[in-house]
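K.L.:
Pasting query-v7.cif below, which is mmCIF, C-alpha atoms.
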data_structure
#
loop_
_atom_site.label_atom_id
_atom_site.label_comp_id
_atom_site.auth_asym_id
_atom_site.auth_seq_id
_atom_site.Cartn_x
_atom_site.Cartn_y
_atom_site.Cartn_z
CA MET P 1 42.80 -16.15 190.80
CA ASP P 2 39.13 -16.47 191.81
CA THR P 3 37.62 -12.97 191.53
CA PHE P 4 34.05 -14.03 192.25
CA CYS P 5 32.59 -13.25 195.66
CA LYS P 6 30.41 -15.80 197.40
CA HIS P 7 28.60 -15.88 200.66
CA LEU P 8 26.18 -18.17 202.47
CA PHE P 9 22.52 -17.51 203.15
CA LEU P 10 21.22 -19.25 206.27
CA TYR P 11 17.55 -19.51 207.20
CA PRO P 12 17.60 -20.96 210.75
CA ARG P 13 13.86 -21.64 210.69
CA GLY P 14 13.52 -22.50 207.04
CA ASN P 15 12.25 -20.58 204.05
CA SER P 16 9.18 -20.86 201.83
CA LEU P 17 7.75 -24.39 202.13
CA GLY P 18 10.48 -25.31 204.63
CA ALA P 19 9.46 -22.60 207.10
CA GLY P 20 9.39 -23.95 210.63
CA ASN P 21 10.39 -27.49 209.60
CA SER P 22 13.98 -27.39 208.38
CA LEU P 23 17.12 -25.30 208.23
CA TRP P 24 17.87 -23.86 204.77
CA LEU P 25 21.38 -23.04 203.53
CA TYR P 26 22.36 -21.50 200.18
CA LEU P 27 25.58 -20.60 198.41
CA HIS P 28 25.08 -17.19 196.79
CA LEU P 29 27.12 -15.47 194.08
CA LYS P 30 27.48 -11.89 195.23
CA ASN P 31 28.75 -10.26 192.03
CA PRO P 32 26.75 -11.81 189.14
CA GLU P 33 27.24 -8.61 187.12
CA GLN P 34 30.55 -10.13 185.96
CA LEU P 35 28.61 -12.83 184.10
CA ILE P 36 27.72 -10.76 181.06
CA GLY P 37 27.28 -11.79 177.47
CA GLY P 38 26.00 -15.24 178.37
CA LYS P 39 29.01 -16.10 180.54
CA LYS P 40 28.56 -18.74 183.21
CA ILE P 41 30.58 -20.00 186.17
CA PHE P 42 30.90 -23.68 187.00
CA ALA P 43 31.04 -24.41 190.74
CA GLN P 44 31.55 -27.68 192.57
CA TYR P 45 30.83 -27.55 196.29
CA ASP P 46 29.44 -29.31 199.37
CA LEU P 47 27.23 -27.65 201.95
CA CYS P 48 28.15 -28.95 205.38
CA LEU P 49 27.21 -28.70 209.06
CA LYS P 50 30.22 -29.60 211.21
CA ASN P 51 29.67 -32.18 213.93
CA GLN P 52 31.27 -31.01 217.15
CA LEU P 53 31.09 -34.38 218.92
CA GLY P 54 33.61 -36.11 216.69
CA GLN P 55 30.92 -37.88 214.64
CA ASN P 56 30.26 -37.56 210.91
CA ASP P 57 29.59 -34.11 209.52
CA TYR P 58 26.24 -33.56 207.79
CA LYS P 59 26.91 -32.85 204.13
CA LYS P 60 24.67 -32.04 201.22
CA PRO P 61 26.40 -32.35 197.86
CA GLY P 62 25.98 -29.25 195.76
CA VAL P 63 23.28 -29.19 193.07
CA PHE P 64 24.15 -26.85 190.21
CA ARG P 65 21.38 -24.86 188.51
CA SER P 66 21.77 -22.80 185.37
CA LEU P 67 19.83 -21.64 182.30
CA ARG P 68 20.31 -22.25 178.61
CA GLU P 69 18.34 -21.74 175.41
CA HIS P 70 19.08 -25.05 173.66
CA PRO P 71 16.74 -27.96 174.43
CA PRO P 72 18.03 -31.25 175.88
CA ALA P 73 20.05 -33.24 173.38
CA HIS P 74 18.90 -36.69 174.47
CA TYR P 75 15.31 -36.88 175.69
CA THR P 76 12.26 -34.77 176.52
CA MET P 77 8.91 -35.70 178.02
CA LYS P 78 5.85 -33.46 177.81
CA ILE P 79 3.19 -33.87 180.50
CA GLN P 80 -0.32 -32.58 179.88
CA SER P 81 -3.01 -32.33 182.57
CA PHE P 82 -0.21 -32.20 185.16
CA LYS P 83 -2.45 -31.20 188.08
CA THR P 84 -4.90 -34.02 187.31
CA LEU P 85 -2.09 -36.57 187.33
CA GLN P 86 -0.63 -35.01 190.46
CA ALA P 87 -3.93 -35.37 192.32
CA SER P 88 -4.42 -38.97 191.20
CA LEU P 89 -0.90 -39.97 192.33
CA VAL P 90 -0.75 -38.16 195.65
CA ASP P 91 -2.27 -41.06 197.60
CA ALA P 92 -0.72 -43.84 195.53
CA PRO P 93 1.64 -46.34 197.20
CA GLY P 94 5.27 -45.15 197.43
CA GLU P 95 6.44 -47.19 194.45
CA ASN P 96 3.66 -45.97 192.15
CA ASN P 97 3.38 -42.23 192.80
CA TYR P 98 5.48 -41.07 189.87
CA ILE P 99 5.19 -40.60 186.12
CA GLU P 100 7.55 -42.77 184.09
CA SER P 101 8.66 -41.87 180.58
CA THR P 102 8.95 -44.13 177.59
CA THR P 103 12.28 -45.93 177.21
CA PHE P 104 15.11 -44.06 175.48
CA ASN P 105 18.56 -45.31 174.51
CA ILE P 106 21.83 -43.48 175.20
CA ALA P 107 25.30 -44.96 174.69
CA GLY P 108 23.83 -48.43 174.22
CA TYR P 109 21.87 -48.39 177.48
CA ASN P 110 18.11 -48.09 178.01
CA TRP P 111 16.83 -45.49 180.45
CA VAL P 112 13.62 -43.96 181.75
CA LEU P 113 12.96 -40.56 183.28
CA CYS P 114 10.74 -40.55 186.39
CA VAL P 115 8.90 -37.47 187.67
CA TYR P 116 7.32 -37.30 191.13
CA PRO P 117 4.73 -34.49 190.70
CA SER P 118 4.39 -33.96 194.46
CA GLY P 119 7.92 -35.02 195.37
CA ASN P 120 9.11 -38.31 196.76
CA LYS P 121 8.30 -37.91 200.44
CA GLU P 122 10.32 -41.03 201.31
CA ASP P 123 13.44 -39.35 199.92
CA ASP P 124 13.08 -35.92 201.57
CA GLY P 125 11.38 -34.54 198.46
CA ASN P 126 8.19 -33.28 200.05
CA GLY P 127 7.07 -29.95 198.57
CA HIS P 128 9.28 -30.32 195.50
CA VAL P 129 9.30 -31.91 192.08
CA SER P 130 11.54 -34.98 192.32
CA LEU P 131 13.39 -36.20 189.21
CA TYR P 132 14.92 -39.66 188.80
CA LEU P 133 17.03 -41.32 186.11
CA LYS P 134 16.64 -45.09 186.02
CA LEU P 135 18.69 -47.66 184.09
CA ILE P 136 16.37 -50.48 183.03
CA ASP P 137 18.89 -52.83 181.43
CA LYS P 138 19.67 -55.95 183.44
CA LEU P 139 23.27 -55.66 184.58
CA LYS P 140 25.69 -58.37 185.58
CA ASP P 141 27.08 -58.37 189.11
CA GLU P 142 30.38 -56.90 187.95
CA ASP P 143 28.91 -54.24 185.64
CA VAL P 144 29.34 -50.60 186.58
CA VAL P 145 28.11 -47.67 184.46
CA THR P 146 29.46 -44.28 185.54
CA VAL P 147 27.58 -41.26 184.22
CA VAL P 148 27.10 -37.55 184.53
CA PHE P 149 23.51 -36.45 183.93
CA ARG P 150 21.47 -33.29 184.06
CA PHE P 151 17.75 -32.67 184.24
CA PHE P 152 15.86 -29.93 182.36
CA ILE P 153 12.60 -28.08 182.98
CA HIS P 154 11.27 -25.90 180.15
CA ASP P 155 10.40 -22.27 180.86
CA GLN P 156 7.61 -21.82 178.32
CA LYS P 157 7.33 -18.06 178.77
CA ARG P 158 10.97 -17.26 178.06
CA ASP P 159 11.66 -20.35 175.93
CA ASN P 160 14.72 -21.42 177.84
CA TYR P 161 15.57 -24.37 180.09
CA LEU P 162 16.40 -24.65 183.76
CA ILE P 163 19.27 -27.13 184.13
CA ILE P 164 19.51 -29.08 187.39
CA GLN P 165 22.65 -31.15 187.84
CA ASP P 166 24.20 -33.01 190.75
CA MET P 167 27.90 -32.18 190.81
CA LYS P 168 29.14 -35.73 191.40
CA ASN P 169 29.55 -38.66 189.02
CA LYS P 170 26.99 -41.41 189.59
CA ARG P 171 27.63 -45.16 189.39
CA PHE P 172 24.83 -47.45 188.21
CA HIS P 173 25.12 -51.14 189.12
CA VAL P 174 22.96 -54.09 190.16
CA VAL P 175 22.50 -52.72 193.67
CA ASN P 176 21.65 -49.19 192.57
CA ILE P 177 19.92 -48.76 189.20
CA GLU P 178 18.60 -45.23 189.74
CA TRP P 179 19.84 -41.83 190.83
CA ARG P 180 17.81 -38.76 191.61
CA ILE P 181 17.57 -35.18 192.66
CA SER P 182 14.75 -35.37 195.16
CA ARG P 183 14.45 -31.58 195.56
CA ALA P 184 14.81 -30.55 191.95
CA LEU P 185 12.46 -27.56 192.14
CA ALA P 186 10.10 -26.30 194.85
CA LEU P 187 6.45 -26.80 193.92
CA SER P 188 5.72 -23.21 194.92
CA ILE P 189 8.06 -22.08 192.14
CA PHE P 190 7.11 -24.76 189.64
CA GLU P 191 3.35 -24.18 189.93
CA ASP P 192 3.58 -20.37 189.77
CA ALA P 193 2.51 -19.65 186.17
CA SER P 194 4.60 -16.47 186.08
CA ASN P 195 7.74 -18.63 186.19
CA GLY P 196 6.72 -20.41 182.99
CA TYR P 197 7.29 -24.01 184.05
CA LEU P 198 3.61 -24.99 184.29
CA VAL P 199 1.45 -23.23 181.70
CA ASN P 200 -2.11 -24.30 180.87
CA ASP P 201 -1.49 -27.37 183.06
CA SER P 202 1.28 -28.50 180.70
CA CYS P 203 5.03 -28.85 181.31
CA LEU P 204 8.11 -30.36 179.70
CA PHE P 205 11.01 -32.21 181.36
CA GLY P 206 14.23 -33.43 179.79
CA VAL P 207 17.49 -35.19 180.53
CA GLU P 208 20.99 -35.49 179.10
CA VAL P 209 23.20 -38.45 180.01
CA LEU P 210 26.95 -38.62 179.47
CA VAL P 211 28.34 -42.12 180.00
CA ILE P 212 31.98 -41.63 181.01
CA ASP P 213 32.78 -45.24 181.91
CA LYS P 214 30.91 -48.35 180.88
CA GLY P 215 31.25 -52.10 180.73
CA THR P 216 32.53 -54.33 183.46
CA SER P 217 34.65 -53.05 186.26
CA THR P 218 38.36 -53.65 185.82
CA THR P 219 39.04 -54.60 189.43
CA ARG P 220 37.29 -57.12 191.59
CA GLY P 221 37.68 -57.79 195.28
CA CYS P 222 37.25 -60.91 197.33
CA VAL P 223 36.89 -61.36 201.08
CA SER P 224 37.65 -64.77 202.52
CA SER P 225 38.61 -66.34 205.81
CA VAL P 226 42.11 -67.69 205.37
CA GLN P 227 42.40 -69.21 208.83
CA GLN P 228 40.62 -69.75 212.10
CA LEU P 229 40.76 -66.88 214.55
CA SER P 230 43.30 -67.60 217.25
CA THR P 231 43.72 -66.01 220.66
CA ARG P 232 47.21 -64.93 221.70
CA THR P 233 48.26 -62.64 224.54
CA TYR P 234 51.22 -60.30 224.76
CA ALA P 235 52.12 -58.48 227.98
CA TRP P 236 54.32 -55.38 228.10
CA LYS P 237 55.55 -54.22 231.49
CA ILE P 238 56.69 -50.60 231.72
CA MET P 239 58.92 -49.49 234.58
CA SER P 240 59.27 -45.90 235.87
CA TYR P 241 56.14 -44.90 234.03
CA SER P 242 55.87 -41.42 235.54
CA HIS P 243 59.23 -40.53 234.00
CA LYS P 244 58.06 -41.48 230.50
CA LYS P 245 57.25 -38.32 228.60
CA ALA P 246 58.13 -39.31 225.05
CA ASP P 247 56.28 -41.88 222.95
CA LYS P 248 57.36 -45.46 223.58
CA THR P 249 57.13 -48.64 221.51
CA SER P 250 57.11 -52.17 222.83
CA PRO P 251 59.48 -54.91 221.68
CA ILE P 252 58.29 -56.64 218.52
CA PHE P 253 56.19 -59.76 219.07
CA THR P 254 54.84 -62.35 216.64
CA VAL P 255 51.27 -63.60 216.20
CA GLU P 256 50.34 -66.01 213.41
CA GLY P 257 53.60 -65.36 211.63
CA ARG P 258 53.26 -61.58 211.59
CA SER P 259 55.27 -59.04 213.54
CA TRP P 260 53.54 -56.45 215.72
CA ASN P 261 54.29 -53.95 218.44
CA LEU P 262 52.45 -51.51 220.66
CA LEU P 263 52.79 -47.74 220.53
CA LEU P 264 52.18 -45.83 223.75
CA HIS P 265 51.73 -42.08 224.11
CA PRO P 266 52.07 -41.56 227.90
CA GLN P 267 50.81 -37.98 227.67
CA GLY P 268 48.21 -38.65 225.01
CA ASN P 269 48.11 -37.96 221.29
CA GLY P 270 45.79 -36.05 218.95
CA ILE P 271 42.46 -35.34 220.62
CA GLY P 272 43.66 -37.16 223.73
CA ALA P 273 46.77 -35.00 224.25
CA GLY P 274 47.23 -33.98 227.88
CA GLN P 275 44.15 -35.82 229.12
CA TYR P 276 44.40 -39.47 228.10
CA VAL P 277 46.81 -42.33 227.59
CA SER P 278 46.88 -43.16 223.86
CA LEU P 279 47.55 -46.77 222.83
CA PHE P 280 47.84 -48.33 219.37
CA LEU P 281 48.60 -51.71 217.79
CA ILE P 282 51.02 -51.54 214.85
CA LEU P 283 51.47 -54.12 212.09
CA LYS P 284 55.14 -54.28 211.10
CA ASP P 285 54.84 -56.80 208.24
CA LEU P 286 53.26 -55.11 205.24
CA TRP P 287 55.19 -56.83 202.45
CA ASP P 288 52.22 -58.87 201.16
CA LEU P 289 49.54 -56.18 201.66
CA THR P 290 49.84 -54.69 198.18
CA ASN P 291 47.37 -53.91 195.39
CA GLY P 292 44.63 -53.06 197.85
CA LYS P 293 44.98 -56.17 200.02
CA LYS P 294 43.95 -55.79 203.65
CA LEU P 295 44.25 -57.84 206.84
CA TYR P 296 41.24 -58.07 209.16
CA VAL P 297 42.13 -58.29 212.85
CA GLU P 298 40.07 -58.56 216.02
CA TYR P 299 42.06 -57.61 219.10
CA GLU P 300 41.80 -56.20 222.58
CA LEU P 301 43.93 -53.50 224.17
CA CYS P 302 44.21 -53.69 227.93
CA ILE P 303 45.76 -52.00 230.96
CA LYS P 304 46.08 -54.51 233.80
CA ASN P 305 44.65 -53.64 237.18
CA GLN P 306 47.17 -54.35 239.93
CA ALA P 307 44.76 -53.93 242.83
CA GLY P 308 42.54 -56.92 242.07
CA TYR P 309 39.84 -54.91 240.32
CA SER P 310 38.75 -55.32 236.71
CA ASP P 311 41.28 -54.64 233.96
CA PHE P 312 40.58 -51.73 231.63
CA LYS P 313 39.88 -53.22 228.17
CA SER P 314 38.74 -52.06 224.75
CA LYS P 315 37.93 -54.46 221.94
CA CYS P 316 38.77 -53.50 218.36
CA ARG P 317 37.96 -54.72 214.87
CA ALA P 318 40.01 -53.18 212.08
CA TRP P 319 41.43 -53.63 208.60
CA PHE P 320 45.20 -53.17 208.48
CA HIS P 321 46.84 -52.25 205.18
CA SER P 322 49.80 -50.36 203.74
CA SER P 323 48.11 -46.97 204.09
CA VAL P 324 46.82 -47.61 207.63
CA PRO P 325 49.23 -49.94 209.48
CA SER P 326 48.07 -48.99 213.00
CA TRP P 327 44.80 -48.87 214.89
CA GLY P 328 43.97 -47.94 218.45
CA PHE P 329 42.69 -45.17 220.68
CA SER P 330 43.81 -41.58 221.18
CA THR P 331 41.52 -41.45 224.23
CA PHE P 332 42.22 -44.88 225.72
CA LEU P 333 42.29 -44.17 229.48
CA ALA P 334 42.02 -40.83 231.28
CA LEU P 335 45.31 -39.73 232.86
CA ASP P 336 43.47 -38.75 236.04
CA VAL P 337 42.23 -42.32 236.39
CA LEU P 338 45.62 -43.85 235.60
CA ARG P 339 47.47 -41.66 238.13
CA ASN P 340 44.94 -42.13 240.93
CA PRO P 341 46.36 -44.95 243.12
CA THR P 342 42.91 -45.97 244.35
CA PHE P 343 42.05 -47.29 240.88
CA GLY P 344 45.03 -49.67 240.88
CA TYR P 345 46.33 -49.24 237.32
CA LEU P 346 49.65 -47.66 238.37
CA LYS P 347 51.54 -49.38 241.20
CA ASP P 348 55.10 -48.63 242.31
CA ASP P 349 55.43 -46.64 239.12
#
As structure tokens - that is how I would like this structure written.
P.N.:
Amino acid sequence: MDTFCKHLFLYPRGNSLGAGNSLWLYLHLKNPEQLIGGKKIFAQYDLCLKNQLGQNDYKKPGVFRSLREHPPAHYTMKIQSFKTLQASLVDAPGENNYIESTTFNIAGYNWVLCVYPSGNKEDDGNGHVSLYLKLIDKLKDEDVVTVVFRFFIHDQKRDNYLIIQDMKNKRFHVVNIEWRISRALALSIFEDASNGYLVNDSCLFGVEVLVIDKGTSTTRGCVSSVQQLSTRTYAWKIMSYSHKKADKTSPIFTVEGRSWNLLLHPQGNGIGAGQYVSLFLILKDLWDLTNGKKLYVEYELCIKNQAGYSDFKSKCRAWFHSSVPSWGFSTFLALDVLRNPTFGYLKDD
């Protein structure tokens, strides 16, 4: 049973360097007195702002910070005259405003550690030290290297190390050869000599890299067009519509050798319940869609207008597979519109 108490700290108008420019949100451990004798707690979490319009939520994956006395096991980089370098790089082009380490080898791969002294402004790192891990080996198209890594910043006054670690595994491949923590540490904290990170204009960064999966990927995918797109039409006439309360499925019909039917929710379904007609297309033949295979379909769902006006149509593009055999709309057509005889969608029931 989890006996640790947590709560959230919210700064609606920002905090420190973010004041007035951004919303700040923290997860806070309320009873740290339980962590005695060097004990630590490992936490994996996402910070999230829910989207109330049905769009994607805004999530920030958790970054874990802790302290330890032992130095990094794999690589360290000492930077002298930090402020001088920071000033010389501040106006450099975006691809040149960082300090790159010498090459180091871990698990047979060559890496470099990159430090942005003033933060990478193009990656939301303004006002922070940004830390990047870059794989410099040339990979093949199918190569994927999955790692867990952590960055270190030396506290020279207390002789311990701040550990900064993203909580999610990272995959390096030809499209993405670097991963980062763009807001590793606020500059206001880093440059305050009392915190011990920058002393006599000197600092030390480090990194540990654990390769948990390497080599070529074991599964490859291929997308191809197996046939020309064809246009077929299926019409489903429903009698005594106003008496239909329960869900209703159409007879099965065949297009390009596959069996389909329509699913109608007369009173709506999900977010459309009670306010909309919900309509879905269902693929009945799934026998060959195994081992991750999918079927791409472009189709159009339609309610015919019986008064000579335009039909109500919605075009769809979707991948059908064994886990998702149906696609459509929970909010297809408003019930108020359907039931209003002046619109012409419902005639003689």
K.L.:
Could you tell me how far atom CA of Leu279 of chain P lies from atom CA of Lys315 of chain P, in Å and to one decimal?
P.N.:
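Atom CA of Leu279 of chain P sits 12.3 Å away from atom CA of Lys315 of chain P.
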K.L.:
Written as a ChimeraX atom specification, what is the full residue list that the PyMOL selection byres ((chain P and resi 257) around 12) yields on the file shown?
P.N.:
/P:230,232,253-256,258-260,283-285
K.L.:
Using all atoms listed in the file, find each residue of segment 147-213 of chain P with at least one atom at most 7 Å away from an atom of segment 107-130 of chain P; report its shortest atom-to-atom pair and that distance in Å (one decimal), sort the rows by chain and rising residue number, and return the result as a tab-separated table.
P.N.:
residue	atom	partner	partner_atom	distance
P:Ile181	CA	P:Ser130	CA	6.0
P:Ser182	CA	P:Ser130	CA	4.3
P:Arg183	CA	P:Gly125	CA	5.2
P:Ala184	CA	P:Ser130	CA	5.5
P:Leu185	CA	P:Val129	CA	5.4
P:Ala186	CA	P:His128	CA	4.2
P:Leu187	CA	P:His128	CA	4.8
P:Val211	CA	P:Ala107	CA	6.7
K.L.:
Using only C-alpha atoms, which of P:Asn200, P:Gln267, P:Ser88, P:Ser66 sits nearest Ile164 of chain P?
P.N.:
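Ranking P:Asn200, P:Gln267, P:Ser88, P:Ser66 by distance to Ile164 of chain P, first place goes to P:Ser66.
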K.L.:
Hey, can you check how far atom CA of Ser22 of chain P sits from atom CA of Leu8 of chain P?
P.N.:
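The value is 16.4 Å.
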K.L.:
Residues picked by the PyMOL selection byres ((chain P and resi 295) around 6) here, as a PyMOL selection string?
P.N.:
chain P and resi 294+296+319-320
K.L.:
Okay, now the selection with C-alpha atoms, as a PDB file, keeping the file's coordinate frame?
P.N.:
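Result saved to result.pdb:
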ATOM      1  CA  LYS P 294      43.950 -55.790 203.650  1.00  0.00           C
ATOM      2  CA  TYR P 296      41.240 -58.070 209.160  1.00  0.00           C
ATOM      3  CA  TRP P 319      41.430 -53.630 208.600  1.00  0.00           C
ATOM      4  CA  PHE P 320      45.200 -53.170 208.480  1.00  0.00           C
TER       5      PHE P 320
END
